[in-house]
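One structure is given here, and the rest of the page talks about it.
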Amino acid sequence: CDGELLKYDGDNIICKFNTSKEAIKFVLLVKQDIKDYNKDKEDDHQLIIKLGLAKGAILVSPDGDLFGDAWEDCCNLSEETAQKNEVLVCRTIKEDIDNEDMPGCNFELREKTEQVPLHYNITIG
């Protein structure tokens with residue numbers, strides 16, 4: 001996938017992509033890789049992921065810190081809102097994908113909360 005690694009932050013990996021489609025393709029590949037890895041592992045040896053995607057301008061400082069609404073939304077989706085093994089995306093990502101060919105990619109609406117705007121859980125099937 002055509003993305004760029006921006007930063008490692010604790011157990012988070014922060015990347016950016018030129019298109020919403022590329023971002024979703026990447027996180028779905030990661031989700032499948034984790035599922036395959038976990039297949040024969042006992043529960044306490046499995047990797048657990050929570051993924052969030054947001055779209056918008058961000059500012060990257062010289063020391064690598066990130067700023068902007070898209071960054072805040074992404075953090076809140078992945079760290080505060082997502083349940084284990086969920087991929088949550090903001091409304092603008094979903095709108096981009098509505099015009100793309102993403103077979104088997106389903107969007108389950110989630111209502112906005114105090115921390116995050118209207119968003120969707122992506123499922124495959």
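A note on labels: chains of the structure tokens are A, B, ... as shown, every chain counts residues from 1, and ligands are counted from 1 in their shown order.
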
Test item, alpha helix (DSSP H) assignment across chain A, answer as a ChimeraX atom specification: /A:20-38,69-75,91-98

Near-Gln46 (chain A) list (8 Å; only C-alpha atoms; drop same-chain fewer than 5 positions) as a list in words: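 Neighbouring residues, sequence-local ones excluded: Tyr37, Asn38 and Lys41 of chain A.
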
Atoms kept (all heavy atoms) for selection, written as a PDB file, in the first residue's frame:
ATOM      1  N   TYR A  37      -2.168 -14.414  12.481  1.00  0.00           N
ATOM      2  CA  TYR A  37      -1.172 -14.632  13.528  1.00  0.00           C
ATOM      3  C   TYR A  37      -1.819 -15.234  14.769  1.00  0.00           C
ATOM      4  O   TYR A  37      -1.282 -16.141  15.393  1.00  0.00           O
ATOM      5  CB  TYR A  37      -0.493 -13.305  13.880  1.00  0.00           C
ATOM      6  CG  TYR A  37       0.443 -13.414  15.054  1.00  0.00           C
ATOM      7  CD1 TYR A  37       1.760 -13.818  14.868  1.00  0.00           C
ATOM      8  CD2 TYR A  37       0.017 -13.129  16.348  1.00  0.00           C
ATOM      9  CE1 TYR A  37       2.627 -13.939  15.943  1.00  0.00           C
ATOM     10  CE2 TYR A  37       0.878 -13.245  17.433  1.00  0.00           C
ATOM     11  CZ  TYR A  37       2.173 -13.645  17.224  1.00  0.00           C
ATOM     12  OH  TYR A  37       3.026 -13.765  18.293  1.00  0.00           O
ATOM     13  N   ASN A  38      -2.988 -14.735  15.129  1.00  0.00           N
ATOM     14  CA  ASN A  38      -3.665 -15.156  16.355  1.00  0.00           C
ATOM     15  C   ASN A  38      -4.356 -16.516  16.238  1.00  0.00           C
ATOM     16  O   ASN A  38      -4.739 -17.101  17.255  1.00  0.00           O
ATOM     17  CB  ASN A  38      -4.709 -14.116  16.768  1.00  0.00           C
ATOM     18  CG  ASN A  38      -4.086 -12.866  17.326  1.00  0.00           C
ATOM     19  OD1 ASN A  38      -2.946 -12.855  17.776  1.00  0.00           O
ATOM     20  ND2 ASN A  38      -4.850 -11.782  17.300  1.00  0.00           N
ATOM     21  N   LYS A  41      -3.119 -19.300  18.523  1.00  0.00           N
ATOM     22  CA  LYS A  41      -2.549 -18.835  19.791  1.00  0.00           C
ATOM     23  C   LYS A  41      -3.608 -18.862  20.893  1.00  0.00           C
ATOM     24  O   LYS A  41      -4.790 -18.636  20.651  1.00  0.00           O
ATOM     25  CB  LYS A  41      -2.040 -17.400  19.644  1.00  0.00           C
ATOM     26  CG  LYS A  41      -1.067 -17.182  18.502  1.00  0.00           C
ATOM     27  CD  LYS A  41       0.348 -17.255  18.963  1.00  0.00           C
ATOM     28  CE  LYS A  41       1.372 -16.911  17.936  1.00  0.00           C
ATOM     29  NZ  LYS A  41       1.324 -17.515  16.640  1.00  0.00           N
TER      30      LYS A  41
END

Contacts of Ala70 (chain A) within 6 Å, only C-alpha atoms, excl. fewer than 2 positions in-chain, as a list in words: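 Selected residues are Ala54, Lys55, Gly56, Gly68, Glu72 and Asp73 of chain A.
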
Shortest interatomic distance to Leu53 (chain A) - which of A:Asp101, A:Asp9, A:Glu108, A:Glu86, counting only C-alpha atoms: A:Glu86

Which residue of A:Leu109, A:Leu66, A:Val30, A:Ile13 approaches Ser78 (chain A) most closely, using only C-alpha atoms: A:Ile13
